[in-house]
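Visitor: First, the structure itself, so that you have it in front of you.
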Amino acid sequence: MRRTFLKASLVALAVATGLVQLPSIADAATRGGKMVYARYADSLFLDPVLNDANVDIWVLTNLYDTLLQPTADGLGVQPGLATKWDVSGDGKTVTLALRPGVKFADGSALTADDVKWSLDRARDPKAGAWNSSLASIESVSVSGPETVTLALKHPDPTILPALATFNSAILPQKAFEASPGATPEEKAKSFAEKPIGTGPFVMTAWKRGVSMTLKRNPYYWKQGEDGKPLPYLDELEFQIIPDDATRLLKLKAGEIDGTEFIPYARVKELQADPNLRMELWPSTRVRYLTFYCGPTYKDGKPNPVANPKVRQALNYAVNKDAIIQITTLGLGKPMRSFMSATTPLFVGQDNLYKYDLAKAKALLAEAGMANGFDLQIYSLSGNGDDANDLAAVQQMWAQVGVKLRIDQVDNATRTARYREENFGMRTSAWTNDISDPSQITSYFAYWPNIHSLHSNWQDKRVDELFEKSQQEIDPKARAEQYREIQQRYNESAPILYLYETPYPVAFRKNAKGFVQIPLGNNLFEAAYIEK
């Protein structure tokens with residue numbers, strides 16, 4: 001029943017927004033077979049705790065399950081490995097009833113002890129960038145064979161969405177601890193090479209940079225519309241094809257069944273192809289360029305964009321409406337905050353950094369940069385949207401004397417430079433993984449986490465407001481905290497604001513059942529190849 005509800009909800013959401021048309025849910029799904037789906041980049045590390053990359057996250061959701069799961073609209077939670085939950089009147093105790101009879105992909109039973117161990121690992125302050133989402137948990141206790149209780153340090157308005165977020169996935173303790181390695185980090189690396197979860201698929205082969213093969217988990221607990229266990233597919237193969245044009249050629253030739261991140265400039269072309277189905281899913285996706293904001297670069301050279309007036313000037317010097325037309329052919333809309341308009345507690349500013357060349361020049365003059373300067377940016381090789389965005393930005397900045405050098409690299413290199421904080425700028429996109437503004441704020445604006453997108457930007461008042469918001473249960477007070485956070489961040493402009501867009505994916509006509517919820521989760525559990 002859950003799958004029927006989820007699919008129906010997603011279809012209703014997509015159709016209501018006019019973004020995608022899918023076959024009727026009354027259509028019978030075909031069991032068996034193989035689906036080949038092309039990705040722009042390979043995964044890096046398939047551990048739910050020690051990573052923060054979408055190339056990992058959107059695969060993790062097909063291998064692991066969480067206690068709660070996001071609703072189809074991305075705004076709420078619904079049962080997952082827990083069938084029900086109760087929050088005490090004082091907001092400091094959460095009791096969860098576990099789904100009986102669930103097994104991991106190796107056939108071992110999921111236990112309450114696995115849940116406790118997984119949550120304790122995920123909330124460890126030394127483990128990964130996501131532990132802050134579970135920082136309110138004082139202790140996790142097993143209250144019975146199928147009951148787990150969370151004692152909180154304080155009421156936490158984000159705890160339920162956090163339990164539906166990928167880093168809270170439940171892993172088998174015995175299998176993890178039996179993995180080779182002398183330290184938890186080494187064991188995580190070993191376990192992630194052959195991950196075991198309770199999700200619809202299990203990974204059986206991984207040729208780095210080439211392909212990843214997932215096969216159906218024979219112990220998966222969810223039922224399909226025919227009353228039999230999901231998934232419908234016997235096998236799901238991810239092929240790694242970084243070049244946009246090559247992915248689309250293979251799709252048109254029938255060599256692959258579907259592909260992600262369609263360049264927006266190609267959407268209308270694919271919509272007109274009778275052999276394809278072009279899907280635009282409602283999203284929380286924002287597209288921006290990240291500035292490194294520290295006073296000096298890694299090589300010791302002074303950083304011109306450390307000055308907020310320079311960052312403001314660079315934003316005013318870019319015509320966002322023109323770029324939206326160039327890159328998305330009108331499918332995007334300007335960003336009005338660092339978070340998407342679909343994020344809870346979003347407070348947007350109309351005409352945020354609307355194109356104003358005179359103002360840009362004046363701000364550069366005030367900053368002592370009237371003669372311009374050079375900047376460098378890392379972009380993805382073969383990525384059409386990157387190429388279109390940066391060609392436009394490069395030309396626009398030239399009008400204020402700023403020369404932009406574009407270095408095209410693969411995703412692994414771009415990610416490594418970013419995490420090392422060894423970059424001038426980088427192309428970027430963000431999708432929420434939780435139905436709350438805390439996650440994106442902890443990444444973009446809260447310095448103690450990852451130095452604000454590894455940009456080294458810091459506003460101590462924003463740090464203070466964020467910490468207060470994590471304990472604030474008064475909705476009005478919390479909304480005011482996020483209003484001020486967004487205002488302060490937007491005024492300082494640590495990013496170049498571009499646009500919000502739907503998720504663009506395309507499939508062959510007979511490849512059906514894939515869904516992508518606004519939080520970005522790629523769900524293949526109900527995907528199938530029609531015969």
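Scheme for the structure tokens: letters A, B, ... for chains in order shown; per-chain residue numbers from 1; ligand numbers from 1 in order shown.
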List the spatial neighbours of segment 417-427 of chain A as an mmCIF file with C-alpha atoms, in the first residue's frame - criterion: any atom at most 9 Å away, only C-alpha atoms, same-chain residues fewer than 3 positions off excluded.

Guide:
```
data_model
loop_
_atom_site.group_PDB
_atom_site.id
_atom_site.type_symbol
_atom_site.label_atom_id
_atom_site.label_comp_id
_atom_site.auth_asym_id
_atom_site.auth_seq_id
_atom_site.Cartn_x
_atom_site.Cartn_y
_atom_site.Cartn_z
ATOM 1 C CA ARG A 287 22.187 26.295 -8.735
ATOM 2 C CA TYR A 288 24.955 28.693 -7.647
ATOM 3 C CA LEU A 289 28.693 29.335 -7.765
ATOM 4 C CA THR A 290 30.642 29.069 -4.514
ATOM 5 C CA PHE A 291 33.226 31.733 -3.687
ATOM 6 C CA TYR A 292 36.193 30.943 -1.484
ATOM 7 C CA CYS A 293 35.945 33.832 1.006
ATOM 8 C CA TYR A 297 44.242 31.368 -1.064
ATOM 9 C CA LYS A 298 46.158 28.176 -0.276
ATOM 10 C CA ASP A 299 49.168 29.507 -2.173
ATOM 11 C CA ASN A 303 41.850 36.861 -2.181
ATOM 12 C CA VAL A 305 36.510 38.188 -3.014
ATOM 13 C CA LEU A 375 39.409 34.731 -10.746
ATOM 14 C CA GLN A 376 39.554 30.964 -11.207
ATOM 15 C CA ILE A 377 36.701 28.436 -11.111
ATOM 16 C CA TYR A 378 36.494 24.631 -11.245
ATOM 17 C CA SER A 379 33.749 23.290 -13.506
ATOM 18 C CA LEU A 380 32.705 19.802 -14.585
ATOM 19 C CA ASP A 386 28.295 24.386 -16.443
ATOM 20 C CA LEU A 390 30.155 30.026 -17.093
ATOM 21 C CA ALA A 412 36.347 13.686 -8.047
ATOM 22 C CA THR A 413 38.940 16.428 -8.600
ATOM 23 C CA ARG A 414 36.442 19.234 -8.148
ATOM 24 C CA ILE A 450 32.225 22.539 7.107
ATOM 25 C CA LEU A 453 30.529 25.229 2.074
ATOM 26 C CA HIS A 454 34.306 25.100 2.646
ATOM 27 C CA SER A 455 34.267 28.786 1.690
ATOM 28 C CA ASN A 456 35.691 29.916 5.060
#
```

Visitor: Got a sec: who's within 7 Å of segment 503-507 of chain A, counting only C-alpha atoms, leaving out chain neighbours fewer than 4 positions off, as an mmCIF file with C-alpha atoms, in the first residue's frame?

Guide:
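Okay, selection33.cif is ready:
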```cif
data_model
loop_
_atom_site.group_PDB
_atom_site.id
_atom_site.type_symbol
_atom_site.label_atom_id
_atom_site.label_comp_id
_atom_site.auth_asym_id
_atom_site.auth_seq_id
_atom_site.Cartn_x
_atom_site.Cartn_y
_atom_site.Cartn_z
ATOM 1 C CA ASP A 257 17.088 3.150 -20.562
ATOM 2 C CA GLY A 258 17.384 6.458 -18.750
ATOM 3 C CA THR A 259 19.719 9.227 -17.657
ATOM 4 C CA GLU A 260 19.980 12.053 -15.148
ATOM 5 C CA PHE A 261 20.781 15.771 -15.322
ATOM 6 C CA ILE A 262 19.560 16.472 -18.823
ATOM 7 C CA LEU A 276 11.478 9.132 -25.075
ATOM 8 C CA ARG A 277 9.777 10.470 -21.965
ATOM 9 C CA MET A 278 11.277 13.706 -20.672
ATOM 10 C CA GLU A 279 10.497 14.162 -16.964
ATOM 11 C CA LEU A 280 10.823 17.349 -14.911
ATOM 12 C CA TRP A 281 10.283 16.543 -11.247
ATOM 13 C CA PRO A 282 9.412 19.172 -8.587
ATOM 14 C CA SER A 283 12.575 19.926 -6.655
ATOM 15 C CA ALA A 511 11.259 2.327 -18.871
#
```

Visitor: Find the nearest atom pair between each residue of segment 429-485 of chain A and segment 126-145 of chain A for residues within 9 Å, count only C-alpha atoms, give distances in Å to one decimal, sort rows by chain and ascending number, and present the table as CSV.

Guide:
```
residue,atom,partner,partner_atom,distance
A:Ser438,CA,A:Ser133,CA,8.0
A:Gln439,CA,A:Ser133,CA,7.4
A:Ser442,CA,A:Ser132,CA,8.4
A:Tyr443,CA,A:Ala129,CA,8.8
A:Asn449,CA,A:Ala129,CA,6.5
A:Ile450,CA,A:Ala129,CA,7.1
A:Gln470,CA,A:Ser136,CA,8.3
A:Gln471,CA,A:Ser136,CA,8.2
```

Visitor: Just write the chosen residues, C-alpha atoms, as a PDB file, in the first residue's frame.

Guide:
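Generated file (part.pdb):
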```
ATOM      1  CA  SER A 438      18.556  23.137   9.267  1.00  0.00           C
ATOM      2  CA  GLN A 439      20.495  20.960   6.835  1.00  0.00           C
ATOM      3  CA  SER A 442      24.359  23.947   8.501  1.00  0.00           C
ATOM      4  CA  TYR A 443      26.180  23.556   5.193  1.00  0.00           C
ATOM      5  CA  ASN A 449      30.297  22.369  10.398  1.00  0.00           C
ATOM      6  CA  ILE A 450      32.225  22.539   7.107  1.00  0.00           C
ATOM      7  CA  GLN A 470      18.147  23.731  16.741  1.00  0.00           C
ATOM      8  CA  GLN A 471      16.438  23.901  20.132  1.00  0.00           C
TER       9      GLN A 471
END
```

Visitor: Leaving out Phe45 of chain A and any residue of its chain fewer than 3 positions from it, which residues lie within 10 Å of it when counting only C-alpha atoms, given as a PyMOL selection string?

Guide: chain A and resi 42+48-53+55-57+60+188-189+192-193

Visitor: For a test of reading the model, state the distance in Å between atom CA of Tyr482 of chain A and atom CA of Asn521 of chain A, rounded to one decimal.

Guide: 25.0 Å

Visitor: Using DSSP secondary structure from the backbone, list all alpha helix (DSSP H) positions within segment 271-427 of chain A, as a PyMOL selection string.

Guide: chain A and resi 271+308-316+320-328+357-366+384-398+411-419

Visitor: Nearest to Trp85 of chain A among A:Thr147, A:Ser435, A:Asn522, A:Asn217, with distances taken over only C-alpha atoms: which residue is it?

Guide: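 Under the stated criterion, the closest residue is A:Thr147.
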
Visitor: For atom CA of Pro218 of chain A and atom CA of Lys116 of chain A, determine how far apart the two atoms are, in Å to one decimal place.

Guide: 24.7 Å

Visitor: Taking only C-alpha atoms into account, name the residue in A:Gly520, A:Gly384, A:Gly181, A:Pro494 that is nearest to Thr431 of chain A.

Guide: A:Gly520

Visitor: Counting only C-alpha atoms, which residue out of A:Gln395, A:Ile170, A:Gly107, A:Leu345 sits closest to Ala477 of chain A?

Guide: A:Leu345
